[in-house]
file run-v4.pdb (PDB, C-alpha atoms and all ligand atoms)
ATOM      1  CA  MET A   1      72.924  66.311 285.701  1.00  0.00           C
ATOM      2  CA  LEU A   2      71.324  64.025 288.258  1.00  0.00           C
ATOM      3  CA  GLN A   3      73.277  63.148 291.368  1.00  0.00           C
ATOM      4  CA  VAL A   4      72.436  60.237 293.634  1.00  0.00           C
ATOM      5  CA  LYS A   5      73.485  60.188 297.270  1.00  0.00           C
ATOM      6  CA  SER A   6      72.803  57.088 299.328  1.00  0.00           C
ATOM      7  CA  PHE A   7      72.863  56.345 303.034  1.00  0.00           C
ATOM      8  CA  VAL A   8      72.620  52.940 304.675  1.00  0.00           C
ATOM      9  CA  PHE A   9      70.272  53.267 307.631  1.00  0.00           C
ATOM     10  CA  ASN A  10      68.588  51.290 310.414  1.00  0.00           C
ATOM     11  CA  PRO A  11      69.019  47.678 311.614  1.00  0.00           C
ATOM     12  CA  PHE A  12      67.832  46.404 308.193  1.00  0.00           C
ATOM     13  CA  GLN A  13      70.695  48.160 306.350  1.00  0.00           C
ATOM     14  CA  GLU A  14      68.226  49.959 304.140  1.00  0.00           C
ATOM     15  CA  ASN A  15      69.349  52.336 301.393  1.00  0.00           C
ATOM     16  CA  THR A  16      67.949  55.850 301.671  1.00  0.00           C
ATOM     17  CA  TYR A  17      68.399  57.978 298.546  1.00  0.00           C
ATOM     18  CA  ILE A  18      68.645  61.678 297.896  1.00  0.00           C
ATOM     19  CA  LEU A  19      68.367  62.705 294.252  1.00  0.00           C
ATOM     20  CA  PHE A  20      69.279  66.232 293.198  1.00  0.00           C
ATOM     21  CA  ASP A  21      70.582  68.169 290.227  1.00  0.00           C
ATOM     22  CA  GLU A  22      72.405  71.405 289.377  1.00  0.00           C
ATOM     23  CA  THR A  23      69.392  73.482 290.447  1.00  0.00           C
ATOM     24  CA  LYS A  24      69.825  72.136 294.023  1.00  0.00           C
ATOM     25  CA  GLU A  25      66.240  70.933 294.031  1.00  0.00           C
ATOM     26  CA  ALA A  26      65.984  67.447 295.488  1.00  0.00           C
ATOM     27  CA  VAL A  27      63.782  64.498 296.385  1.00  0.00           C
ATOM     28  CA  ILE A  28      64.277  62.080 299.260  1.00  0.00           C
ATOM     29  CA  ILE A  29      63.310  58.454 298.658  1.00  0.00           C
ATOM     30  CA  ASP A  30      62.645  55.884 301.418  1.00  0.00           C
ATOM     31  CA  ALA A  31      64.003  57.628 304.496  1.00  0.00           C
ATOM     32  CA  GLY A  32      65.008  54.751 306.728  1.00  0.00           C
ATOM     33  CA  CYS A  33      66.832  56.956 309.243  1.00  0.00           C
ATOM     34  CA  TYR A  34      66.114  55.534 312.638  1.00  0.00           C
ATOM     35  CA  ASN A  35      67.823  57.472 315.436  1.00  0.00           C
ATOM     36  CA  THR A  36      69.203  60.921 316.163  1.00  0.00           C
ATOM     37  CA  SER A  37      72.617  60.261 314.642  1.00  0.00           C
ATOM     38  CA  GLU A  38      71.004  59.003 311.414  1.00  0.00           C
ATOM     39  CA  PHE A  39      68.571  61.940 311.357  1.00  0.00           C
ATOM     40  CA  ASN A  40      71.560  64.267 311.710  1.00  0.00           C
ATOM     41  CA  LEU A  41      73.546  62.574 308.925  1.00  0.00           C
ATOM     42  CA  LEU A  42      70.704  63.169 306.506  1.00  0.00           C
ATOM     43  CA  LYS A  43      70.034  66.684 307.714  1.00  0.00           C
ATOM     44  CA  GLU A  44      73.705  67.699 307.570  1.00  0.00           C
ATOM     45  CA  PHE A  45      74.018  66.434 304.010  1.00  0.00           C
ATOM     46  CA  MET A  46      71.005  68.492 302.927  1.00  0.00           C
ATOM     47  CA  ILE A  47      72.483  71.581 304.593  1.00  0.00           C
ATOM     48  CA  SER A  48      75.999  71.107 303.212  1.00  0.00           C
ATOM     49  CA  GLU A  49      74.650  70.707 299.656  1.00  0.00           C
ATOM     50  CA  LYS A  50      72.111  73.516 300.202  1.00  0.00           C
ATOM     51  CA  LEU A  51      69.316  71.306 298.886  1.00  0.00           C
ATOM     52  CA  ASP A  52      65.690  72.280 298.591  1.00  0.00           C
ATOM     53  CA  VAL A  53      63.530  69.171 299.061  1.00  0.00           C
ATOM     54  CA  LYS A  54      60.554  69.171 296.711  1.00  0.00           C
ATOM     55  CA  HIS A  55      59.095  65.704 297.297  1.00  0.00           C
ATOM     56  CA  TYR A  56      59.325  62.876 299.762  1.00  0.00           C
ATOM     57  CA  LEU A  57      58.756  59.532 297.999  1.00  0.00           C
ATOM     58  CA  ASN A  58      58.313  55.935 299.126  1.00  0.00           C
ATOM     59  CA  THR A  59      59.022  53.080 296.699  1.00  0.00           C
ATOM     60  CA  HIS A  60      56.842  51.024 299.051  1.00  0.00           C
ATOM     61  CA  CYS A  61      55.876  51.120 302.718  1.00  0.00           C
ATOM     62  CA  HIS A  62      57.654  48.240 304.437  1.00  0.00           C
ATOM     63  CA  ILE A  63      58.795  49.318 307.878  1.00  0.00           C
ATOM     64  CA  ASP A  64      62.513  49.561 307.004  1.00  0.00           C
ATOM     65  CA  HIS A  65      61.659  52.095 304.269  1.00  0.00           C
ATOM     66  CA  ILE A  66      59.388  54.329 306.368  1.00  0.00           C
ATOM     67  CA  LEU A  67      61.178  54.504 309.739  1.00  0.00           C
ATOM     68  CA  GLY A  68      62.274  58.074 308.954  1.00  0.00           C
ATOM     69  CA  ASN A  69      58.976  59.259 307.413  1.00  0.00           C
ATOM     70  CA  SER A  70      57.902  61.156 310.488  1.00  0.00           C
ATOM     71  CA  PHE A  71      61.286  62.920 310.788  1.00  0.00           C
ATOM     72  CA  VAL A  72      61.585  63.865 307.107  1.00  0.00           C
ATOM     73  CA  CYS A  73      57.986  65.017 306.753  1.00  0.00           C
ATOM     74  CA  LYS A  74      58.292  67.255 309.793  1.00  0.00           C
ATOM     75  CA  GLU A  75      61.748  68.572 308.912  1.00  0.00           C
ATOM     76  CA  TYR A  76      60.854  69.482 305.311  1.00  0.00           C
ATOM     77  CA  ASN A  77      57.148  70.120 305.784  1.00  0.00           C
ATOM     78  CA  LEU A  78      56.084  67.464 303.280  1.00  0.00           C
ATOM     79  CA  LYS A  79      53.668  64.575 303.070  1.00  0.00           C
ATOM     80  CA  PRO A  80      54.906  61.264 301.698  1.00  0.00           C
ATOM     81  CA  LYS A  81      53.931  60.124 298.221  1.00  0.00           C
ATOM     82  CA  TYR A  82      53.335  56.410 297.648  1.00  0.00           C
ATOM     83  CA  SER A  83      50.903  54.338 295.639  1.00  0.00           C
ATOM     84  CA  VAL A  84      47.344  53.659 296.782  1.00  0.00           C
ATOM     85  CA  GLU A  85      48.065  49.893 296.931  1.00  0.00           C
ATOM     86  CA  GLU A  86      50.503  50.608 299.751  1.00  0.00           C
ATOM     87  CA  ILE A  87      47.822  51.862 302.179  1.00  0.00           C
ATOM     88  CA  PRO A  88      47.456  48.491 303.973  1.00  0.00           C
ATOM     89  CA  VAL A  89      51.250  48.144 304.123  1.00  0.00           C
ATOM     90  CA  PHE A  90      51.657  51.632 305.587  1.00  0.00           C
ATOM     91  CA  ASN A  91      48.828  50.987 308.049  1.00  0.00           C
ATOM     92  CA  SER A  92      50.521  47.841 309.355  1.00  0.00           C
ATOM     93  CA  GLY A  93      53.629  49.864 310.299  1.00  0.00           C
ATOM     94  CA  ASN A  94      52.929  50.087 314.033  1.00  0.00           C
ATOM     95  CA  THR A  95      52.187  46.359 314.345  1.00  0.00           C
ATOM     96  CA  VAL A  96      55.253  45.355 312.354  1.00  0.00           C
ATOM     97  CA  ALA A  97      57.491  47.750 314.297  1.00  0.00           C
ATOM     98  CA  LYS A  98      56.278  46.236 317.560  1.00  0.00           C
ATOM     99  CA  MET A  99      56.970  42.742 316.204  1.00  0.00           C
ATOM    100  CA  TYR A 100      60.604  43.687 315.497  1.00  0.00           C
ATOM    101  CA  GLY A 101      60.960  45.748 318.687  1.00  0.00           C
ATOM    102  CA  LEU A 102      61.601  48.957 316.735  1.00  0.00           C
ATOM    103  CA  ASN A 103      60.975  52.519 317.837  1.00  0.00           C
ATOM    104  CA  TYR A 104      58.596  53.877 315.244  1.00  0.00           C
ATOM    105  CA  THR A 105      56.620  57.084 315.118  1.00  0.00           C
ATOM    106  CA  GLU A 106      54.041  56.960 312.359  1.00  0.00           C
ATOM    107  CA  GLY A 107      54.391  59.912 309.996  1.00  0.00           C
ATOM    108  CA  PRO A 108      51.621  61.639 308.039  1.00  0.00           C
ATOM    109  CA  VAL A 109      49.679  59.549 305.535  1.00  0.00           C
ATOM    110  CA  CYS A 110      49.778  60.103 301.800  1.00  0.00           C
ATOM    111  CA  THR A 111      46.992  62.242 300.389  1.00  0.00           C
ATOM    112  CA  ASP A 112      48.404  62.576 296.879  1.00  0.00           C
ATOM    113  CA  PHE A 113      48.902  59.039 295.602  1.00  0.00           C
ATOM    114  CA  ILE A 114      51.365  58.283 292.809  1.00  0.00           C
ATOM    115  CA  ARG A 115      50.842  55.787 290.026  1.00  0.00           C
ATOM    116  CA  GLU A 116      52.409  54.485 286.844  1.00  0.00           C
ATOM    117  CA  GLY A 117      52.138  57.069 284.110  1.00  0.00           C
ATOM    118  CA  ASN A 118      52.656  59.977 286.517  1.00  0.00           C
ATOM    119  CA  THR A 119      55.920  61.882 286.641  1.00  0.00           C
ATOM    120  CA  ILE A 120      57.697  63.500 289.571  1.00  0.00           C
ATOM    121  CA  ASN A 121      59.485  66.728 288.666  1.00  0.00           C
ATOM    122  CA  PHE A 122      62.183  68.663 290.503  1.00  0.00           C
ATOM    123  CA  GLY A 123      64.752  71.085 289.106  1.00  0.00           C
ATOM    124  CA  ASN A 124      65.605  69.932 285.586  1.00  0.00           C
ATOM    125  CA  THR A 125      64.855  66.319 286.433  1.00  0.00           C
ATOM    126  CA  VAL A 126      61.858  64.196 285.458  1.00  0.00           C
ATOM    127  CA  LEU A 127      61.185  60.829 287.078  1.00  0.00           C
ATOM    128  CA  ASP A 128      58.825  58.429 285.307  1.00  0.00           C
ATOM    129  CA  LEU A 129      56.919  56.119 287.625  1.00  0.00           C
ATOM    130  CA  ILE A 130      56.791  52.391 286.940  1.00  0.00           C
ATOM    131  CA  HIS A 131      54.474  50.062 288.883  1.00  0.00           C
ATOM    132  CA  LEU A 132      56.430  46.975 289.963  1.00  0.00           C
ATOM    133  CA  PRO A 133      54.103  44.780 292.071  1.00  0.00           C
ATOM    134  CA  GLY A 134      55.270  41.540 293.677  1.00  0.00           C
ATOM    135  CA  HIS A 135      57.494  42.341 296.644  1.00  0.00           C
ATOM    136  CA  SER A 136      54.781  44.716 297.781  1.00  0.00           C
ATOM    137  CA  PRO A 137      51.529  45.399 295.884  1.00  0.00           C
ATOM    138  CA  GLY A 138      52.209  49.062 295.191  1.00  0.00           C
ATOM    139  CA  SER A 139      55.973  49.070 294.640  1.00  0.00           C
ATOM    140  CA  ILE A 140      57.001  51.944 292.396  1.00  0.00           C
ATOM    141  CA  GLY A 141      60.231  52.425 290.465  1.00  0.00           C
ATOM    142  CA  PHE A 142      61.420  56.011 289.949  1.00  0.00           C
ATOM    143  CA  TYR A 143      63.057  56.130 286.516  1.00  0.00           C
ATOM    144  CA  ASP A 144      65.150  59.001 285.180  1.00  0.00           C
ATOM    145  CA  LYS A 145      65.150  58.166 281.485  1.00  0.00           C
ATOM    146  CA  SER A 146      67.620  60.835 280.392  1.00  0.00           C
ATOM    147  CA  ASN A 147      70.226  60.008 283.042  1.00  0.00           C
ATOM    148  CA  LYS A 148      69.519  56.256 282.816  1.00  0.00           C
ATOM    149  CA  VAL A 149      68.943  55.712 286.521  1.00  0.00           C
ATOM    150  CA  ILE A 150      66.191  53.822 288.348  1.00  0.00           C
ATOM    151  CA  ILE A 151      65.468  53.694 292.074  1.00  0.00           C
ATOM    152  CA  CYS A 152      63.502  50.472 292.395  1.00  0.00           C
ATOM    153  CA  GLY A 153      63.130  49.672 296.108  1.00  0.00           C
ATOM    154  CA  ASP A 154      63.155  45.961 296.976  1.00  0.00           C
ATOM    155  CA  VAL A 155      62.175  44.603 293.555  1.00  0.00           C
ATOM    156  CA  LEU A 156      65.560  43.782 292.021  1.00  0.00           C
ATOM    157  CA  PHE A 157      68.910  43.497 293.808  1.00  0.00           C
ATOM    158  CA  GLN A 158      72.437  42.825 292.638  1.00  0.00           C
ATOM    159  CA  GLY A 159      72.295  39.054 292.102  1.00  0.00           C
ATOM    160  CA  SER A 160      68.914  38.669 293.768  1.00  0.00           C
ATOM    161  CA  ILE A 161      65.242  39.659 293.850  1.00  0.00           C
ATOM    162  CA  GLY A 162      62.868  40.919 296.533  1.00  0.00           C
ATOM    163  CA  ARG A 163      61.321  38.516 299.016  1.00  0.00           C
ATOM    164  CA  THR A 164      57.674  37.655 298.487  1.00  0.00           C
ATOM    165  CA  ASP A 165      56.884  35.839 301.729  1.00  0.00           C
ATOM    166  CA  LEU A 166      55.668  39.003 303.487  1.00  0.00           C
ATOM    167  CA  PRO A 167      51.932  39.818 303.612  1.00  0.00           C
ATOM    168  CA  LEU A 168      50.628  40.874 300.156  1.00  0.00           C
ATOM    169  CA  GLY A 169      53.772  39.604 298.411  1.00  0.00           C
ATOM    170  CA  ASN A 170      53.370  37.641 295.180  1.00  0.00           C
ATOM    171  CA  HIS A 171      56.250  35.780 293.552  1.00  0.00           C
ATOM    172  CA  GLU A 172      54.653  35.475 290.080  1.00  0.00           C
ATOM    173  CA  ASP A 173      53.884  39.197 290.008  1.00  0.00           C
ATOM    174  CA  LEU A 174      57.447  40.001 291.032  1.00  0.00           C
ATOM    175  CA  LEU A 175      59.005  37.915 288.253  1.00  0.00           C
ATOM    176  CA  LEU A 176      56.609  39.459 285.748  1.00  0.00           C
ATOM    177  CA  SER A 177      57.399  43.010 286.950  1.00  0.00           C
ATOM    178  CA  ILE A 178      61.123  42.429 286.551  1.00  0.00           C
ATOM    179  CA  GLN A 179      60.903  40.680 283.195  1.00  0.00           C
ATOM    180  CA  THR A 180      58.390  42.978 281.527  1.00  0.00           C
ATOM    181  CA  LYS A 181      59.165  46.350 283.106  1.00  0.00           C
ATOM    182  CA  LEU A 182      62.799  46.338 284.232  1.00  0.00           C
ATOM    183  CA  PHE A 183      64.559  43.961 281.837  1.00  0.00           C
ATOM    184  CA  THR A 184      63.015  45.889 278.933  1.00  0.00           C
ATOM    185  CA  LEU A 185      64.879  49.081 279.945  1.00  0.00           C
ATOM    186  CA  PRO A 186      68.225  49.904 278.256  1.00  0.00           C
ATOM    187  CA  HIS A 187      71.020  47.650 279.562  1.00  0.00           C
ATOM    188  CA  GLU A 188      73.110  50.590 280.754  1.00  0.00           C
ATOM    189  CA  VAL A 189      70.407  51.816 283.161  1.00  0.00           C
ATOM    190  CA  LYS A 190      71.891  51.943 286.653  1.00  0.00           C
ATOM    191  CA  VAL A 191      69.750  50.267 289.308  1.00  0.00           C
ATOM    192  CA  TYR A 192      69.737  51.621 292.861  1.00  0.00           C
ATOM    193  CA  ALA A 193      68.065  49.031 295.079  1.00  0.00           C
ATOM    194  CA  GLY A 194      66.611  49.181 298.554  1.00  0.00           C
ATOM    195  CA  HIS A 195      69.467  47.129 300.007  1.00  0.00           C
ATOM    196  CA  GLY A 196      73.014  46.361 298.908  1.00  0.00           C
ATOM    197  CA  ASN A 197      75.091  47.651 296.009  1.00  0.00           C
ATOM    198  CA  ALA A 198      73.931  49.397 292.885  1.00  0.00           C
ATOM    199  CA  THR A 199      73.863  47.317 289.721  1.00  0.00           C
ATOM    200  CA  SER A 200      72.664  47.702 286.127  1.00  0.00           C
ATOM    201  CA  ILE A 201      69.870  46.215 284.055  1.00  0.00           C
ATOM    202  CA  GLY A 202      72.419  44.579 281.722  1.00  0.00           C
ATOM    203  CA  GLU A 203      74.359  43.017 284.586  1.00  0.00           C
ATOM    204  CA  GLU A 204      71.190  41.518 286.090  1.00  0.00           C
ATOM    205  CA  ILE A 205      69.907  40.197 282.752  1.00  0.00           C
ATOM    206  CA  LYS A 206      73.249  38.460 282.326  1.00  0.00           C
ATOM    207  CA  TYR A 207      74.058  37.238 285.831  1.00  0.00           C
ATOM    208  CA  ASN A 208      70.967  37.288 288.078  1.00  0.00           C
ATOM    209  CA  PRO A 209      70.523  33.634 289.156  1.00  0.00           C
ATOM    210  CA  PHE A 210      66.728  33.961 289.330  1.00  0.00           C
ATOM    211  CA  PHE A 211      66.588  34.405 285.550  1.00  0.00           C
ATOM    212  CA  ASN A 212      69.436  32.152 284.418  1.00  0.00           C
TER     213      ASN A 212
HETATM  214 ZN    ZN B 301      60.470  45.853 301.287  1.00  0.00          ZN
END
call {"tool": "encode", "arguments": {"input": "run-v4.pdb", "output": "structure tokens", "more": "lines below"}}
Ligand SMILES: [Zn+2]
result
Amino acid sequence: MLQVKSFVFNPFQENTYILFDETKEAVIIDAGCYNTSEFNLLKEFMISEKLDVKHYLNTHCHIDHILGNSFVCKEYNLKPKYSVEEIPVFNSGNTVAKMYGLNYTEGPVCTDFIREGNTINFGNTVLDLIHLPGHSPGSIGFYDKSNKVIICGDVLFQGSIGRTDLPLGNHEDLLLSIQTKLFTLPHEVKVYAGHGNATSIGEEIKYNPFFN
């Protein structure tokens, strides 16, 4: 059975997720941990649950989602996995961090790109990958079909949608991604977003003001 642990990290209040199951194998998604106390929170959780991290995944590479890349990759001896469309976003990390006055150490680059149609496997869990462009060109949703859970980054939020005014954002693409790839999932699918509370596909179809 899949378990989802979330932390709220960094000045952007970003959600960092740890997914694991009964085998104790795990993935970390979007490590936004920013300082020593946040690094320790994540590390202590992994130790207390005795988790074995198999993959480090990025839904997309905006700065608030990659602030902890360097820490996690070093700590667990992994390289990040993100989609090839996120290369320019990842590469702008240093410039963007400077703009916001953030301490940022660039982590290793991805050498094993992920795309729609691929799966990520750990323990008894299979994550299907769904390409959700719009907020960022290479945004990926990690969908556990059997447990009805999706980690979707900054695409869809409780009562809102991702911003598209950042470089490489596209509002039309975002609406299309949500309508054709998220709102077609079963209504009971639980949505874990990059910021704010978890929601469900059914709740957003019914109440999200951008579609009503
Ligand atoms: Zn973002």
call {"tool": "resolve_selection", "arguments": {"input": "run-v4.pdb", "expression": "the PyMOL selection byres (((chain A and resi 197) around 12) and not hetatm)", "output": "PyMOL selection string"}}
result
chain A and resi 6-8+13-15+156-160+190-196+198-200
call {"tool": "residues_near_ligand", "arguments": {"input": "run-v4.pdb", "ligand": "ligand ZN 301 (chain B)", "cutoff": "10 Å", "atoms": "all atoms listed in the file", "output": "VMD selection string"}}
result
chain A and resid 14 59 to 66 89 135 to 136 139 153 to 155 162 to 164 166 169 194 to 195
call {"tool": "residues_near_point", "arguments": {"input": "run-v4.pdb", "point": "(68.9, 68.8, 303.1)", "cutoff": "10 Å", "atoms": "only C-alpha atoms", "output": "list in words"}}
result
Ile18, Lys24, Glu25, Ala26, Val27, Ile28, Leu41, Leu42, Lys43, Glu44, Phe45, Met46, Ile47, Ser48, Glu49, Lys50, Leu51, Asp52, Val53, Val72, Glu75 and Tyr76 of chain A
call {"tool": "atom_distance", "arguments": {"input": "run-v4.pdb", "atom1": "atom CA of Asn147 of chain A", "atom2": "atom CA of Thr184 of chain A"}}
result
16.4 Å
call {"tool": "atom_distance", "arguments": {"input": "run-v4.pdb", "atom1": "atom CA of Ile120 of chain A", "atom2": "atom CA of Thr180 of chain A"}}
result
22.1 Å
call {"tool": "closest_residue", "arguments": {"input": "run-v4.pdb", "among": "A:Phe211, A:Phe183, A:Tyr56, A:Tyr17", "to": "Pro108 of chain A", "atoms": "only C-alpha atoms"}}
result
A:Tyr56
call {"tool": "resolve_selection", "arguments": {"input": "run-v4.pdb", "expression": "the PyMOL selection byres (((chain A and resi 202) around 8) and not hetatm)", "output": "PyMOL selection string"}}
result
chain A and resi 183+186-189+200-201+203-206
call {"tool": "closest_residue", "arguments": {"input": "run-v4.pdb", "among": "A:Leu168, A:Asn35, A:Ile150, A:Gly101", "to": "Ile87 of chain A", "atoms": "all atoms listed in the file"}}
result
A:Leu168
call {"tool": "resolve_selection", "arguments": {"input": "run-v4.pdb", "expression": "the PyMOL selection byres (((chain A and resi 127-130) around 8) and not hetatm)", "output": "list of chain:residue names"}}
result
A:Ile114, A:Arg115, A:Glu116, A:Gly117, A:Asn118, A:Thr119, A:Ile120, A:Asn121, A:Thr125, A:Val126, A:His131, A:Leu132, A:Ile140, A:Gly141, A:Phe142, A:Tyr143, A:Asp144, A:Lys145, A:Lys181
call {"tool": "closest_residue", "arguments": {"input": "run-v4.pdb", "among": "A:Val109, A:Leu102, A:Val96, A:Val4", "to": "Cys73 of chain A", "atoms": "all atoms listed in the file"}}
result
A:Val109
call {"tool": "closest_residue", "arguments": {"input": "run-v4.pdb", "among": "A:Leu57, A:Leu78, A:Leu67, A:Ile161", "to": "Gly93 of chain A", "atoms": "only C-alpha atoms"}}
result
A:Leu67
call {"tool": "atom_distance", "arguments": {"input": "run-v4.pdb", "atom1": "atom CA of Thr95 of chain A", "atom2": "atom CA of Glu38 of chain A"}}
result
22.9 Å
call {"tool": "closest_residue", "arguments": {"input": "run-v4.pdb", "among": "A:Tyr82, A:Tyr34, A:Phe12, A:Tyr207", "to": "His55 of chain A", "atoms": "only C-alpha atoms"}}
result
A:Tyr82
call {"tool": "residues_around", "arguments": {"input": "run-v4.pdb", "residues": "Gln3 of chain A", "least_positions_apart": "4", "cutoff": "9 Å", "atoms": "all atoms listed in the file", "output": "PyMOL selection string"}}
result
chain A and resi 18-22
call {"tool": "closest_residue", "arguments": {"input": "run-v4.pdb", "among": "A:Val149, A:Leu185, A:Pro133, A:Ala97", "to": "Asn170 of chain A", "atoms": "all atoms listed in the file"}}
result
A:Pro133
